[in-house]
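File shown: data29.txt. Contents: compact mmCIF, C-alpha atoms.
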```txt
# COMPACT_ATOMS: atom_id res chain seq x y z
CA ALA A 11 -216.14 -29.07 -20.96
CA LEU A 12 -214.78 -32.17 -19.30
CA VAL A 13 -211.24 -33.51 -19.23
CA VAL A 14 -210.98 -37.08 -17.99
CA ASP A 15 -208.06 -39.46 -17.59
CA ALA A 16 -209.02 -42.06 -20.20
CA LEU A 17 -207.54 -44.95 -18.22
CA THR A 18 -208.81 -44.20 -14.72
CA GLY A 19 -211.90 -42.09 -15.43
CA GLN A 20 -210.66 -39.46 -12.98
CA VAL A 21 -212.00 -36.00 -13.77
CA ILE A 22 -209.16 -33.52 -14.29
CA TYR A 23 -211.23 -30.47 -15.25
CA GLU A 24 -214.91 -29.73 -15.73
CA LYS A 25 -217.14 -26.80 -16.49
CA ASN A 26 -220.87 -27.25 -17.15
CA ALA A 27 -220.12 -30.94 -17.71
CA ASP A 28 -223.76 -31.95 -17.32
CA VAL A 29 -225.25 -29.46 -19.78
CA ALA A 30 -226.67 -31.20 -22.86
CA ARG A 31 -225.98 -29.67 -26.26
CA PRO A 32 -226.34 -30.90 -29.87
CA ILE A 33 -223.62 -33.43 -30.68
CA ALA A 34 -223.82 -33.71 -34.48
CA SER A 35 -221.65 -36.49 -35.93
CA ILE A 36 -220.47 -37.69 -32.53
CA SER A 37 -223.80 -39.54 -32.70
CA LYS A 38 -222.10 -41.94 -35.11
CA VAL A 39 -220.00 -43.32 -32.24
CA MET A 40 -223.17 -44.64 -30.58
CA THR A 41 -224.41 -45.83 -33.99
CA ALA A 42 -221.18 -47.80 -34.39
CA LEU A 43 -221.50 -49.25 -30.89
CA VAL A 44 -225.07 -50.41 -31.47
CA VAL A 45 -224.23 -51.87 -34.91
CA SER A 46 -221.20 -53.73 -33.59
CA GLU A 47 -223.16 -55.16 -30.65
CA SER A 48 -226.35 -55.93 -32.62
CA GLY A 49 -225.41 -59.47 -33.56
CA ALA A 50 -226.19 -58.65 -37.19
CA ASN A 51 -223.97 -60.46 -39.67
CA MET A 52 -221.17 -58.08 -40.64
CA ASN A 53 -220.91 -59.84 -44.03
CA ASP A 54 -224.55 -59.12 -44.95
CA ILE A 55 -224.87 -56.79 -47.93
CA VAL A 56 -226.37 -53.38 -47.15
CA THR A 57 -227.83 -51.38 -50.04
CA VAL A 58 -228.02 -47.58 -49.84
CA ASP A 59 -231.61 -46.43 -50.41
CA SER A 60 -233.04 -43.01 -51.28
CA LEU A 61 -234.44 -42.93 -47.70
CA ASP A 62 -230.86 -42.81 -46.44
CA PHE A 63 -230.47 -39.32 -47.92
CA LYS A 64 -233.64 -37.97 -46.25
CA THR A 65 -232.55 -36.20 -43.10
CA PRO A 66 -233.58 -33.17 -41.03
CA LYS A 67 -230.73 -31.18 -42.61
CA LYS A 68 -229.62 -31.36 -46.22
CA SER A 69 -227.22 -34.26 -46.48
CA GLY A 70 -225.44 -35.49 -49.49
CA SER A 71 -222.46 -37.62 -50.24
CA ASP A 72 -219.83 -37.30 -52.89
CA ARG A 73 -219.01 -40.95 -52.30
CA LEU A 74 -222.20 -42.97 -51.77
CA LYS A 75 -225.11 -43.17 -54.19
CA VAL A 76 -228.53 -44.77 -54.13
CA GLY A 77 -228.10 -48.45 -55.02
CA ASP A 78 -224.54 -48.76 -53.67
CA GLN A 79 -223.90 -52.06 -51.95
CA MET A 80 -221.26 -52.98 -49.39
CA ASN A 81 -221.20 -55.45 -46.58
CA ARG A 82 -222.20 -54.18 -43.13
CA ALA A 83 -218.56 -54.03 -41.91
CA GLU A 84 -217.48 -51.90 -44.88
CA MET A 85 -220.50 -49.61 -44.44
CA LEU A 86 -219.55 -49.19 -40.78
CA LEU A 87 -215.94 -48.44 -41.74
CA MET A 88 -217.08 -45.88 -44.35
CA MET A 89 -219.32 -44.24 -41.74
CA LEU A 90 -216.52 -43.95 -39.18
CA MET A 91 -213.73 -42.99 -41.59
CA LYS A 92 -215.60 -40.40 -43.61
CA SER A 93 -218.53 -39.53 -41.33
CA GLU A 94 -220.88 -40.72 -44.08
CA ASN A 95 -224.44 -39.79 -43.14
CA PRO A 96 -226.15 -42.12 -45.67
CA ALA A 97 -224.04 -45.01 -44.32
CA ALA A 98 -225.29 -44.31 -40.78
CA LYS A 99 -228.89 -44.23 -41.99
CA ALA A 100 -228.45 -47.42 -44.05
CA LEU A 101 -226.97 -49.26 -41.07
CA ALA A 102 -229.87 -48.22 -38.85
CA ARG A 103 -232.49 -48.98 -41.51
CA THR A 104 -231.15 -52.50 -42.14
CA ASP A 105 -230.82 -53.43 -38.47
CA PRO A 106 -232.63 -56.69 -37.62
CA MET A 107 -235.08 -54.62 -35.50
CA GLY A 108 -235.61 -51.97 -38.22
CA TYR A 109 -234.91 -48.24 -38.09
CA ASP A 110 -237.22 -47.42 -35.16
CA GLY A 111 -235.91 -50.43 -33.23
CA PHE A 112 -232.35 -49.29 -33.91
CA MET A 113 -233.08 -45.80 -32.58
CA ALA A 114 -234.66 -47.36 -29.48
CA LYS A 115 -231.50 -49.45 -29.01
CA MET A 116 -229.31 -46.32 -29.26
CA ASN A 117 -231.33 -44.60 -26.54
CA GLN A 118 -231.49 -47.72 -24.38
CA LYS A 119 -227.72 -48.19 -24.65
CA ALA A 120 -227.23 -44.58 -23.52
CA ARG A 121 -229.47 -45.22 -20.49
CA ASP A 122 -227.70 -48.53 -19.73
CA LEU A 123 -224.35 -46.72 -19.73
CA GLY A 124 -225.65 -44.06 -17.34
CA MET A 125 -225.70 -41.32 -19.99
CA THR A 126 -228.49 -39.35 -18.33
CA GLN A 127 -228.27 -36.21 -20.50
CA THR A 128 -228.26 -38.01 -23.86
CA VAL A 129 -231.00 -38.62 -26.42
CA PHE A 130 -230.83 -39.71 -30.06
CA TYR A 131 -233.36 -39.05 -32.84
CA ASP A 132 -231.11 -39.83 -35.80
CA PRO A 133 -228.13 -42.20 -36.27
CA SER A 134 -226.06 -39.69 -38.27
CA GLY A 135 -226.28 -36.68 -35.96
CA LEU A 136 -227.97 -34.40 -38.46
CA ASP A 137 -230.97 -34.00 -36.16
CA ALA A 138 -230.21 -31.12 -33.76
CA ARG A 139 -232.30 -32.91 -31.12
CA ASN A 140 -229.43 -35.41 -30.71
CA VAL A 141 -227.95 -34.04 -27.53
CA SER A 142 -225.48 -35.10 -24.89
CA SER A 143 -223.34 -33.64 -22.16
CA PRO A 144 -219.55 -33.65 -21.89
CA ARG A 145 -219.84 -36.12 -18.98
CA ASP A 146 -222.00 -38.49 -21.02
CA LEU A 147 -219.69 -38.23 -24.03
CA ALA A 148 -216.74 -39.14 -21.82
CA ILE A 149 -218.57 -42.34 -20.89
CA LEU A 150 -219.22 -43.12 -24.56
CA GLY A 151 -215.69 -42.20 -25.63
CA ARG A 152 -214.03 -44.40 -23.02
CA LEU A 153 -216.22 -47.37 -24.03
CA ALA A 154 -215.67 -46.83 -27.77
CA TYR A 155 -211.90 -46.59 -27.24
CA ARG A 156 -211.92 -50.03 -25.57
CA HIS A 157 -214.12 -51.53 -28.31
CA ASN A 158 -211.69 -53.15 -30.78
CA LEU A 159 -213.79 -52.80 -33.92
CA ILE A 160 -214.68 -49.16 -33.32
CA SER A 161 -211.15 -48.27 -32.28
CA GLN A 162 -209.71 -49.96 -35.37
CA PHE A 163 -212.25 -48.54 -37.82
CA SER A 164 -212.13 -44.99 -36.48
CA THR A 165 -208.34 -44.90 -36.84
CA THR A 166 -208.05 -46.53 -40.29
CA PRO A 167 -206.08 -43.94 -42.31
CA ASN A 168 -207.32 -44.85 -45.80
CA ARG A 169 -209.14 -47.50 -47.77
CA ASN A 170 -210.25 -48.33 -51.30
CA PHE A 171 -213.82 -49.62 -51.22
CA ASP A 172 -215.06 -51.85 -54.03
CA VAL A 173 -218.70 -50.87 -54.33
CA ASN A 174 -221.35 -52.56 -56.42
CA ASN A 175 -224.20 -50.35 -57.54
CA VAL A 176 -227.39 -52.19 -58.51
CA SER A 177 -227.86 -49.85 -61.52
CA SER A 178 -224.39 -48.99 -62.73
CA GLY A 179 -222.14 -51.86 -61.62
CA TYR A 180 -218.82 -51.82 -59.82
CA ARG A 181 -216.59 -48.88 -58.98
CA SER A 182 -213.87 -48.12 -56.50
CA ILE A 183 -214.21 -45.40 -53.86
CA SER A 184 -210.98 -44.10 -52.34
CA ALA A 185 -211.41 -42.78 -48.83
CA ARG A 186 -208.93 -41.09 -46.54
CA SER A 187 -209.70 -40.40 -42.91
CA THR A 188 -209.59 -36.85 -41.63
CA ASN A 189 -209.12 -38.17 -38.09
CA TYR A 190 -205.43 -37.52 -37.53
```
Translate the structure described by the file into structure tokens.
Amino acid sequence: ALVVDALTGQVIYEKNADVARPIASISKVMTALVVSESGANMNDIVTVDSLDFKTPKKSGSDRLKVGDQMNRAEMLLMMLMKSENPAAKALARTDPMGYDGFMAKMNQKARDLGMTQTVFYDPSGLDARNVSSPRDLAILGRLAYRHNLISQFSTTPNRNFDVNNVSSGYRSISARSTNY
């Protein structure tokens, strides 16, 4: 555990703050950071592929389907609002440096930030090898909070997404955040 003053960074309480453990969907915060800093055009259309549903753990989506298309910004918003695993995979897969390059960027960003107990194998967090420590997550959380796009997208209460599917055409997806 680690309790930190978000403004000053002063540690208020800690216990085993440097012990790395699986972080699951918290991984998506680093995914969002790397996407938003990638320089990729946020208006580019991203298409969900069957590869985006192949993960170490069974992952589905009651919202996204193979062939769904949204621009990169909307895919990022969907990922942050609804913790959409296929959206995270699609964003990594369509990065200008490709999926492996994206994963390398996630790990390099962690090192650049001084997150010494953190490693990423998957952009969604479904790989249990994605680990971090409370101290490292405090670093990431403070940075994400100051990042306008991530802060805005992770606190968007609801949204109707107009999605084009290459096989079945347009539909609307209503999404409500569970992040109160």
### Task
Would you mind telling me which residue in A:Val141, A:Ile149, A:Leu159, A:Val21 lies nearest to Met52 in chain A when using all atoms listed in the file?
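Closest residue, counting all atoms listed in the file: A:Leu159.
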### Atom pair CA of Arg139 in chain A / CA of Thr166 in chain A: separation (Å)
29.3 Å
### Query
Any idea what's packed within 9 Å of range 111-113 of chain A, counting all atoms listed in the file, ignoring anything in its chain fewer than 3 positions away? Could you give it as a PyMOL selection string?
chain A and resi 41+44-45+101-108+116-118+130-133
### Query
At what distance in Å, to one decimal, does CA of Leu87 in chain A lie from CA of Leu147 in chain A?
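Calculated distance between CA of Leu147 in chain A and CA of Leu87 in chain A is 20.8 Å.
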#### Entry: Long-range neighbours of Ile36 in chain A as a ChimeraX atom specification, 9 Å cut-off, only C-alpha atoms, 4 positions minimum in chain
/A:40,134-135,147
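Among the candidates A:Thr128, A:Asn140, A:Ser164, A:Thr65, the residue lying nearest to Asn95 in chain A is A:Thr65 (atoms considered: only C-alpha atoms).
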### Message
From the options A:Val129, A:Leu136, A:Ala185, A:Ala83, which residue's atoms come nearest to Asn168 in chain A, counting all atoms listed in the file?
### Response
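Among A:Val129, A:Leu136, A:Ala185, A:Ala83, it is A:Ala185 that comes nearest to Asn168 in chain A.
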### Query
What is the distance, in Å and to one decimal place, between CA of Pro32 in chain A and CA of Ser142 in chain A?
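These atoms are spaced 6.6 Å apart.
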#### Entry: Nearest to Leu150 in chain A by atom-to-atom distance, counting only C-alpha atoms, from A:Leu123, A:Ile55, A:Leu17, A:Ala114
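For Leu150 in chain A, the nearest of the candidates is A:Leu123.
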### Query
Taking all atoms listed in the file into account, which of A:Ser161, A:Ser177, A:Asn189, A:Ser60 comes nearest Leu43 in chain A?
A:Ser161
### Best match for closeness to Lys99 in chain A among A:Thr126, A:Asn174, A:Thr57, A:Thr18, counting only C-alpha atoms
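Distance minimum relative to Lys99 in chain A lands on A:Thr57.
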Output requested as a PDB file, in the frame of the given file - range 52-63 of chain A, filled out with all heavy atoms.
```pdb
ATOM      1  N   MET A  52    -221.959 -59.163 -40.058  1.00  0.00           N
ATOM      2  CA  MET A  52    -221.170 -58.080 -40.640  1.00  0.00           C
ATOM      3  C   MET A  52    -220.860 -58.333 -42.112  1.00  0.00           C
ATOM      4  O   MET A  52    -220.413 -57.422 -42.807  1.00  0.00           O
ATOM      5  CB  MET A  52    -219.877 -57.885 -39.846  1.00  0.00           C
ATOM      6  CG  MET A  52    -220.130 -57.409 -38.417  1.00  0.00           C
ATOM      7  SD  MET A  52    -221.026 -55.859 -38.323  1.00  0.00           S
ATOM      8  CE  MET A  52    -219.687 -54.730 -38.207  1.00  0.00           C
ATOM      9  N   ASN A  53    -221.118 -59.542 -42.602  1.00  0.00           N
ATOM     10  CA  ASN A  53    -220.910 -59.840 -44.030  1.00  0.00           C
ATOM     11  C   ASN A  53    -222.170 -59.632 -44.859  1.00  0.00           C
ATOM     12  O   ASN A  53    -222.113 -59.715 -46.085  1.00  0.00           O
ATOM     13  CB  ASN A  53    -220.402 -61.282 -44.195  1.00  0.00           C
ATOM     14  CG  ASN A  53    -218.997 -61.432 -43.678  1.00  0.00           C
ATOM     15  OD1 ASN A  53    -218.127 -60.596 -43.938  1.00  0.00           O
ATOM     16  ND2 ASN A  53    -218.755 -62.477 -42.903  1.00  0.00           N
ATOM     17  N   ASP A  54    -223.309 -59.378 -44.209  1.00  0.00           N
ATOM     18  CA  ASP A  54    -224.550 -59.120 -44.950  1.00  0.00           C
ATOM     19  C   ASP A  54    -224.384 -57.876 -45.814  1.00  0.00           C
ATOM     20  O   ASP A  54    -223.784 -56.890 -45.393  1.00  0.00           O
ATOM     21  CB  ASP A  54    -225.731 -58.909 -44.007  1.00  0.00           C
ATOM     22  CG  ASP A  54    -226.263 -60.207 -43.416  1.00  0.00           C
ATOM     23  OD1 ASP A  54    -225.839 -61.287 -43.851  1.00  0.00           O
ATOM     24  OD2 ASP A  54    -227.100 -60.113 -42.489  1.00  0.00           O
ATOM     25  N   ILE A  55    -224.936 -57.931 -47.008  1.00  0.00           N
ATOM     26  CA  ILE A  55    -224.870 -56.790 -47.930  1.00  0.00           C
ATOM     27  C   ILE A  55    -225.926 -55.764 -47.535  1.00  0.00           C
ATOM     28  O   ILE A  55    -227.095 -56.090 -47.318  1.00  0.00           O
ATOM     29  CB  ILE A  55    -225.094 -57.251 -49.390  1.00  0.00           C
ATOM     30  CG1 ILE A  55    -223.989 -58.227 -49.805  1.00  0.00           C
ATOM     31  CG2 ILE A  55    -225.158 -56.054 -50.337  1.00  0.00           C
ATOM     32  CD1 ILE A  55    -222.584 -57.645 -49.749  1.00  0.00           C
ATOM     33  N   VAL A  56    -225.489 -54.507 -47.449  1.00  0.00           N
ATOM     34  CA  VAL A  56    -226.370 -53.380 -47.150  1.00  0.00           C
ATOM     35  C   VAL A  56    -226.432 -52.514 -48.404  1.00  0.00           C
ATOM     36  O   VAL A  56    -225.393 -52.158 -48.975  1.00  0.00           O
ATOM     37  CB  VAL A  56    -225.828 -52.559 -45.952  1.00  0.00           C
ATOM     38  CG1 VAL A  56    -226.658 -51.312 -45.722  1.00  0.00           C
ATOM     39  CG2 VAL A  56    -225.784 -53.426 -44.703  1.00  0.00           C
ATOM     40  N   THR A  57    -227.633 -52.200 -48.839  1.00  0.00           N
ATOM     41  CA  THR A  57    -227.830 -51.380 -50.040  1.00  0.00           C
ATOM     42  C   THR A  57    -228.305 -49.992 -49.625  1.00  0.00           C
ATOM     43  O   THR A  57    -229.270 -49.857 -48.868  1.00  0.00           O
ATOM     44  CB  THR A  57    -228.876 -52.023 -50.975  1.00  0.00           C
ATOM     45  OG1 THR A  57    -228.435 -53.342 -51.313  1.00  0.00           O
ATOM     46  CG2 THR A  57    -229.051 -51.204 -52.245  1.00  0.00           C
ATOM     47  N   VAL A  58    -227.635 -48.956 -50.121  1.00  0.00           N
ATOM     48  CA  VAL A  58    -228.020 -47.580 -49.840  1.00  0.00           C
ATOM     49  C   VAL A  58    -229.319 -47.278 -50.591  1.00  0.00           C
ATOM     50  O   VAL A  58    -229.439 -47.555 -51.784  1.00  0.00           O
ATOM     51  CB  VAL A  58    -226.904 -46.589 -50.254  1.00  0.00           C
ATOM     52  CG1 VAL A  58    -227.337 -45.151 -50.029  1.00  0.00           C
ATOM     53  CG2 VAL A  58    -225.618 -46.887 -49.491  1.00  0.00           C
ATOM     54  N   ASP A  59    -230.286 -46.723 -49.882  1.00  0.00           N
ATOM     55  CA  ASP A  59    -231.610 -46.430 -50.410  1.00  0.00           C
ATOM     56  C   ASP A  59    -231.815 -44.912 -50.445  1.00  0.00           C
ATOM     57  O   ASP A  59    -231.145 -44.175 -49.715  1.00  0.00           O
ATOM     58  CB  ASP A  59    -232.645 -47.087 -49.478  1.00  0.00           C
ATOM     59  CG  ASP A  59    -234.049 -47.024 -50.006  1.00  0.00           C
ATOM     60  OD1 ASP A  59    -234.705 -45.990 -49.774  1.00  0.00           O
ATOM     61  OD2 ASP A  59    -234.488 -47.993 -50.630  1.00  0.00           O
ATOM     62  N   SER A  60    -232.765 -44.449 -51.240  1.00  0.00           N
ATOM     63  CA  SER A  60    -233.040 -43.010 -51.280  1.00  0.00           C
ATOM     64  C   SER A  60    -233.457 -42.493 -49.897  1.00  0.00           C
ATOM     65  O   SER A  60    -233.201 -41.334 -49.557  1.00  0.00           O
ATOM     66  CB  SER A  60    -234.136 -42.699 -52.310  1.00  0.00           C
ATOM     67  OG  SER A  60    -235.329 -43.374 -51.980  1.00  0.00           O
ATOM     68  N   LEU A  61    -234.067 -43.336 -49.063  1.00  0.00           N
ATOM     69  CA  LEU A  61    -234.440 -42.930 -47.700  1.00  0.00           C
ATOM     70  C   LEU A  61    -233.220 -42.537 -46.874  1.00  0.00           C
ATOM     71  O   LEU A  61    -233.336 -41.738 -45.944  1.00  0.00           O
ATOM     72  CB  LEU A  61    -235.155 -44.090 -46.987  1.00  0.00           C
ATOM     73  CG  LEU A  61    -236.537 -44.467 -47.497  1.00  0.00           C
ATOM     74  CD1 LEU A  61    -237.027 -45.733 -46.802  1.00  0.00           C
ATOM     75  CD2 LEU A  61    -237.513 -43.321 -47.264  1.00  0.00           C
ATOM     76  N   ASP A  62    -232.065 -43.079 -47.210  1.00  0.00           N
ATOM     77  CA  ASP A  62    -230.860 -42.810 -46.440  1.00  0.00           C
ATOM     78  C   ASP A  62    -230.323 -41.399 -46.660  1.00  0.00           C
ATOM     79  O   ASP A  62    -229.432 -40.954 -45.934  1.00  0.00           O
ATOM     80  CB  ASP A  62    -229.776 -43.851 -46.753  1.00  0.00           C
ATOM     81  CG  ASP A  62    -230.251 -45.262 -46.466  1.00  0.00           C
ATOM     82  OD1 ASP A  62    -231.066 -45.438 -45.535  1.00  0.00           O
ATOM     83  OD2 ASP A  62    -229.840 -46.187 -47.191  1.00  0.00           O
ATOM     84  N   PHE A  63    -230.875 -40.705 -47.646  1.00  0.00           N
ATOM     85  CA  PHE A  63    -230.470 -39.320 -47.920  1.00  0.00           C
ATOM     86  C   PHE A  63    -231.495 -38.327 -47.372  1.00  0.00           C
ATOM     87  O   PHE A  63    -231.287 -37.125 -47.460  1.00  0.00           O
ATOM     88  CB  PHE A  63    -230.288 -39.101 -49.424  1.00  0.00           C
ATOM     89  CG  PHE A  63    -229.084 -39.831 -49.964  1.00  0.00           C
ATOM     90  CD1 PHE A  63    -229.190 -41.143 -50.400  1.00  0.00           C
ATOM     91  CD2 PHE A  63    -227.844 -39.216 -50.011  1.00  0.00           C
ATOM     92  CE1 PHE A  63    -228.080 -41.820 -50.881  1.00  0.00           C
ATOM     93  CE2 PHE A  63    -226.734 -39.877 -50.490  1.00  0.00           C
ATOM     94  CZ  PHE A  63    -226.851 -41.193 -50.929  1.00  0.00           C
TER      95      PHE A  63
END
```
